Each structure stands twice: as structure tokens, then as C-alpha cells.
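*Asks:* Sending over a structure as C-alpha cells; questions will come in a sec.
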Amino acid sequence: MRGTSRLPTWVELLLLPGLNLVSAAMIAGLVVVLIGEDPIAAVSLLVYGAFGYGEAVGYTLFYTTNFVLTGLAVALAFHAGHFNIGGEGQAYLGGLGSTLVALHWGHLPSVLAIPLAVAGAALFGGAWALVPGWLYAKRGSHVVITTIMMNFVAAALMTYLVVNVLIKPGQQIPETDIFATTVWLPPLAPLLAPLGLDLGRAPANLCSILALLCCLGFWLFVWRSRPGYELRVVGRSEAAAIYAGIAPARVTMLAMTLSGALAGLLAVNEILGSQHRLVLGFTGGYGFVGIAVALMGRNHPLGILLAALLFGALYQGGSELAFDMPKISRDMIVVIQGLVILFAGALEHLFRAPLEALFLRPTVER
Amino acid sequence: MDGLWLQSLLLADSTVRLATPLVFCALAGLLSERAGIVNIALEGKMLGGAFAAASAAAVSGSAWVGLLAGIGFACALALVLGFATITHRGEQVVSGVAINIVVAGLGPTLADAWFGQAGRIPLPGGARFAPIDLPGAVELAGVPVLGPFYAEVVSGHNLLVYLAVLAVPTIAWIVAKTRFGLRLRAVGENPEAVDTAGVRVEGMRYRALLLAGVLCGLAGAYLSIAQNAGFIRDMTAGKGFLALAALIFGKWRPVPAVLACLLFAFADAAQVRLQGTPLPLVGTVPTQAIQALPYLLTILLLAGFVGRAVAPRSLGRPYVKDR
């Protein structure tokens, strides 16, 4: 996550992730063979399931939006030199933020209610991530450990709140009442219908556009703003940052808060855009997939968009695949995610070293 | 009074049962973290061990074959972790996350394909470690106070529980008193010095990870072929992370870490029993508060609000030999 690459840009941004992806795909293919199915047929079913018809595209878009947001969240913390594994918990708390707004200000007109609910998600997610940021900055606690622990605390807290406090009165199922329609995010389907794309009943909603705006904002912030610059300096070297008059403590807290806010926005897509009520476990592991997305996407919004699309397609195509090939369950997608993290993250030096030997001429020693 | 005594005995009994996988995993975490490798992958290796143990036991009908398979698979995962973090100096946290996620998917995928029970692996009768009645348990049960204690808490567990009890002093002794243990700790604190002394840092770290793999395999096998009869998806349910919390809570030292495991297990056992019963002073405690307690305590401890936990100095840093 630190240090600059000396490789040519196309190798760094295309060849290396490509090689990582191919390795992950090969191992995944091996698992499919082990199960006793044809990997090639599986891939074609998967691609059709993800892009073959309008509703599939709508679902792919919906999942992609989730992954863009959690991927950006992980990447932002990465740039500040931290590994935020707490996206899952931050997104969960984001759901609480938007739910509180939706239940209390649902009577407001949409123009007010929706931005408030979105802000609630970002605020709660950000605040949940500020805790590890603050603990690191002021007390030196390791962000990785604290964010992991905070995930469990978030899960316990949310279960308590949903089961005991927010549950729809007089019902057993642990979920809140359906929100007023004023806070529902408008679906994308009517927007895309004139283009001849029928999204069917897919839950894709305006949050996809919000996610795109986040990508743009991410790029502007990280590479075109003063705080973004400070954030990258702290990520490279805290010592250098202090020497340059940047306070790492402040920057870390800002980075973690923004990271958590991005993760919190997952709730906008899932809760305000699709479920329209708070349900237990709506984060469904998307926070962890964000790690894979950020690693694949090289912590750049453009890369993250592409990686998120890949995972979105895997998610949607994978559920179709599980339907068509009964021997392959949806868990296969989880295996692929893990393999991508393994090859793109853990084993990134596996291909980097040979590629560096191949593409870099030996420098003359001075 | 008799009823209360029996209640506390039953509570102690379930504490022991719940603590066993935590103890194995915390000791595994201790070995790898004292050698300088962050072990987020405890959860994944334990789950992998549970899956492999259940599959092998279900096919062979023997708990012993299952145990070996569980240990073998957990060690294989440890080698993958070592290949990524030691040989290729990959980011240790990312590697651990990768292993956790791969196993979380692989277990149910293969279980579904091989056994066709929606990701579950049921065990045939006899393919499981049965409770062992220690000598005299039945005869002494009539002795007041101590008799029931011996019969309920000490006797009647399966083999792996006793193995966990043995593992604690063994690992503590290895880490504190042996040459291997000294080198292990040195590798986690100051690998340069170990290298200068002519000991291979990479080799030491691989050995630490492999030993940790054995312990994770034992923990997994305990879950699927001793405590329960079979594998279900996500059956570790965060126990690997709870063990990690216990390890940090025990400040990376064996005995305090094991005590932390017992404390967390006790909280869990009490939580099940207490559901809805009001406690003196505090009233009814929500079960979720007790579930969150270990994690909250660990956060507070790490932040230095309750004592101070200092990690091994080279934890998380890949070793690069200077030339």
C-alpha cells in the first residue's frame, strides 16, 4: 500500500492486475473442476447471468454500486497508510443513521428527506470510523485490530437496537417498519427505459449516480486538494509529514472519518434504494469485498469502478449460475473474492518482481 | 444451596467447552504473533480445519482420520499464509483476510458439492470424539462438594478438551524456556539480531506458522467432530477474532491470554444462562452487551485505558535481509 511503482503505467494498471485476475480465475476454475462442472460453461452462464438481459444488468449495476462505495472507503484509508477492515460495521451504522432520519423525518418532502437520510448514513458511518482513527491518533491503537473489534461491536449494537428498539411494533421479524416513500431513492429504470434498456424489477437506483459522483469527488480530493495531498504524504511517511508541518493525527482522523462515511453510503443503496426498511445483516459482507475491490483497482477511482463492475457481475452472474448449475453454490463467488484478494493483495510481489526484471533496464550505478 | 452449586458447576462445565477452541486459537495466534506475523487468519484456518475434519470423518467414519485431515488442511493454509507473507513479503493483514474469505466460501462450496446438504456435513455415528469419563468419576460423584465438581467439570469432556489443557503449559514452556522459543520471540522483536546470530528468520517464522496451523486445526476439529456432530457454514462465528482479542487482552503472553479466553468463554456461557434474568445492581443485561464486551474490553486495553498491551516490536514487518 505504500511506495511508488517503477513499472510503466500500462503494466502497472493493466498487465499486473490482469495477471493477478487470471491466476485467481485459474484456481477458481480448478475448484469448479473439482466440483465436477465445466468451468468454460460456468463462465458463459455467469456472463449471461450478469449482462444477458435488462434485469440482470440492473442487478449487476446495483451490486456494482455497493462495491464502488466500499472499495472507495478502503482505498481512502489506504492512501493515508491505514487498513480499514471496519467497512462492514461502518456501513451497518450508516444504515442506522439513514433509518433514524427516515423514521423521524419521513413526512418531509423528498427534496429534504433524501439528502438528510444520505447525510445520516455518511455521518453515522463516519463517526463509527472516527473512533479507531481517534484511538490511533491519540492512543496509538492499531487501526486494523480496532476496526475488526468495532465490526463485532456494531453487529451486537445493531442487533440490540433492531430487536428491542426499532422493531416494527407488534411484529416478530427483526426489522423496522417500511419507510415513508418520500425517502425512497428513485429507481434507475425510468431513466434507462428511453435508451431501450428494461431493468425489470432490479433494485438499481439513483445511488449508482451518487457512487459515480463519489468517484469523481475521491479523485478531486486525493489528487487535487490540499488535505488530499497531506493525506498521501502521511500515508507515505509520517516522519516526512511531521517534517513538512503536517499533523498526522488530524489527517488520520479525517481519512478514517471520510472512509467510514463512504462505507456508510452503502446503506443508501441497500436501505434507502432497495429494502426501504432496516433489516439485520443488510451489509452482507460487502464491506469486506471492498478490500478486494480497492486492491484490484489499485486505490484509484477508475480502477475501483472497473473492479467493482467485475465483482458486481460476479455477484449477479454467480447467483444465476448457482441456479443453473446446482452443484455450484453462491459461495463460489466468495471463493473468487478471496482468491482475488490473495493474488492482487497478498501475493502482489509474485508477479511484480519478474515484471520489474522484464521491463526495467538495469540502472547505472553512480 | 445444592441447586446453586450444581448451577455453578454446569456453568463452569460449559465455560470449559466454549473456551477450548479459543485456547487453541489464542495459543496459535501467540506463536505466530510472537514470531512477528500478524495472524488475522486464525478464523479461516480454524474454519478450514473444521471443514476438512468433518469431511474426512464423514467419509472415513473415523474421528482420528478427521483430526489428521483438519490439522493437515489448517497447516496447508498456514503454508499459503507463509508463502504470501514470508517468502513474498506480502501485506500480512491482507493475506489473512484473503485466507479467511477463501475458506468461508470454499467450505460450503465443497461441502455442498460433495455431500449435497446445502453446505452442511453431517457425521455418521462413531465418527466423533466421545466424552471420556475419567477414572472414579462415577464412584466419587456421591462425595459432597468435590464429587460433583470432579464429575461435572473435570471429567466427561472429549479428548480434545484435555489436549487443550495440556497445550497451555506445553506452549508456555516452549515459548519461555526452550531455545526454539527464545529464537521465536527474538524473531518477532529483533529479526536483525537473530539473522546476525546465524538463524534463518524465514525458517523460524515458517515453523511458528506451521505450529499455529496445527493448533488451529485442533480448534477446527474440536468444533466439527467433537463439540458438534458435523460442519455447518461459518461455524467458527468469529471465534478466531475472539481468540485474537484474548491474545491481545493477555498482552501476547500465554497464561494471561488463556485466562482471557476463559473469561470470554465464561461471559458467553453466562449469557446463555442469564437470558432475561435480572442481575443484582444492574438489572437485566441485554445479551448483545455481553457479546460485545470482549471486543470493547480489547479496544479499551489496546488504547491503554485499562493497562497497556504492547505488541511484539517487529509484528507485521516482513524481514528484508540487508546486503
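Letters A, B, ... go to the chains of the C-alpha cells in the order shown; residues in each chain start at 1; ligands are counted from 1 in the same order.
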Show me, as JSON, numbers by chain, every residue of chain A with an atom at most 7 Å from chain B, counting only C-alpha atoms.

*Replies:* {"A": [35, 135, 139, 140, 141, 146, 149, 152, 153, 156, 157, 160, 327, 328, 329, 331, 332, 334, 335, 338, 339, 341, 342, 345, 346, 347, 348, 349, 350]}

*Asks:* Tell me which protein, DNA and RNA residues are within 12 Å of B:Arg317, counting only C-alpha atoms, leaving out same-chain ones fewer than 5 positions away, and put them as a PyMOL selection string.

*Replies:* chain B and resi 33+35-38+85-86+89-93+187-192+205+312

*Asks:* Identify all residues of stretch 122-188 of chain B in strand (DSSP E) (DSSP on the backbone) and supply them as JSON, numbers by chain.

*Replies:* {"B": [122, 131, 132, 157, 158]}

*Asks:* So what do you get for atom CA of B:Pro135 versus atom CA of B:Glu152, distance-wise?

*Replies:*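 Taking atom CA of B:Pro135 and atom CA of B:Glu152, their separation equals 13.0 Å.
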
*Asks:* Which polymer residues have any atom within 10 Å of an atom of B:Leu184, counting only C-alpha atoms, with same-chain residues fewer than 6 positions away left out, as a list in words?

*Replies:*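 Non-adjacent residues within range: Leu31, Ser32, Glu33, Arg34, Ala35, Gly36, Ile174, Val175, Ala176, Thr178, Pro191, Val194, Val201, Met204, Arg205, Arg207 and Ala208 of chain B.
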
*Asks:* The selected residues should be written to file as a PDB file, in the first residue's frame (atoms: C-alpha atoms).

*Replies:*
```
ATOM      1  CA  LEU B  31       3.109 -18.454  18.320  1.00  0.00           C
ATOM      2  CA  SER B  32       2.737 -16.574  15.060  1.00  0.00           C
ATOM      3  CA  GLU B  33       2.464 -13.083  16.502  1.00  0.00           C
ATOM      4  CA  ARG B  34       5.430 -13.540  18.821  1.00  0.00           C
ATOM      5  CA  ALA B  35       7.345 -14.561  15.676  1.00  0.00           C
ATOM      6  CA  GLY B  36       6.261 -11.308  14.001  1.00  0.00           C
ATOM      7  CA  ILE B 174       8.197 -23.893  24.595  1.00  0.00           C
ATOM      8  CA  VAL B 175       7.912 -20.128  24.227  1.00  0.00           C
ATOM      9  CA  ALA B 176       9.509 -19.235  27.551  1.00  0.00           C
ATOM     10  CA  THR B 178      13.348 -23.580  25.051  1.00  0.00           C
ATOM     11  CA  PRO B 191      14.947 -10.263  13.493  1.00  0.00           C
ATOM     12  CA  VAL B 194      18.610 -13.321  15.041  1.00  0.00           C
ATOM     13  CA  VAL B 201      14.463 -15.674  10.138  1.00  0.00           C
ATOM     14  CA  MET B 204      11.736 -19.639  12.176  1.00  0.00           C
ATOM     15  CA  ARG B 205       8.644 -17.806  11.009  1.00  0.00           C
ATOM     16  CA  ARG B 207       7.916 -23.093  11.802  1.00  0.00           C
ATOM     17  CA  ALA B 208       5.909 -20.760  14.019  1.00  0.00           C
TER      18      ALA B 208
END
```

*Asks:* Kindly indicate which residue among A:Leu262, A:Leu278, A:Val289, A:Leu195 lies nearest to A:Tyr315, using only C-alpha atoms for the distances.

*Replies:*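 Of all the options, A:Val289 lies closest to A:Tyr315.
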
*Asks:* Set the distance at 9 Å and use only C-alpha atoms: which residues neighbour A:Ile173 once local chain neighbours fewer than 5 positions away are removed? I'd like the list as a list in words.

*Replies:* Val163, Ile167 and Lys168 of chain A

*Asks:* List as a list of chain:residue names the protein and nucleic acid residues near A:Gly281, meaning an atom at most 8 Å away when only C-alpha atoms are counted, but skip any in the same chain fewer than 2 places from it.

*Replies:*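 Those residues are A:Tyr92, A:Ala155, A:Val279, A:Thr283, A:Gly284.
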
*Asks:* Taking 2 positions as the minimum chain separation for residues in the same chain, which residues sit within 8 Å of A:Leu272 when counting only C-alpha atoms? Answer as a list in words.

*Replies:* Ser98, Val183, Trp184, Leu185, Ala267, Val268, Asn269, Glu270, Ser274, Gln275, His276 and Arg277 of chain A

*Asks:* Could you give me, as a PyMOL selection string, each residue of stretch 68-246 of chain A that DSSP assigns to helix (DSSP H, G or I) when run on this structure's backbone?

*Replies:* chain A and resi 68-79+87-104+110-139+143-166+181-183+189-195+207-224+226-236+238-243

*Asks:* Which is closer to A:Gly200 than all the others in A:Ala80, A:Leu161, A:Ile148, A:Leu188, using only C-alpha atoms?

*Replies:*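 Answer, going by the shortest atom-to-atom distance: A:Leu188.
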
*Asks:* Using only C-alpha atoms, pick whichever of B:Ala267, B:Gly44, B:Gly198, B:Phe24 has the shortest atom-to-atom distance to B:Val285.

*Replies:*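 Of the candidates, the smallest distance to B:Val285 is held by B:Ala267.
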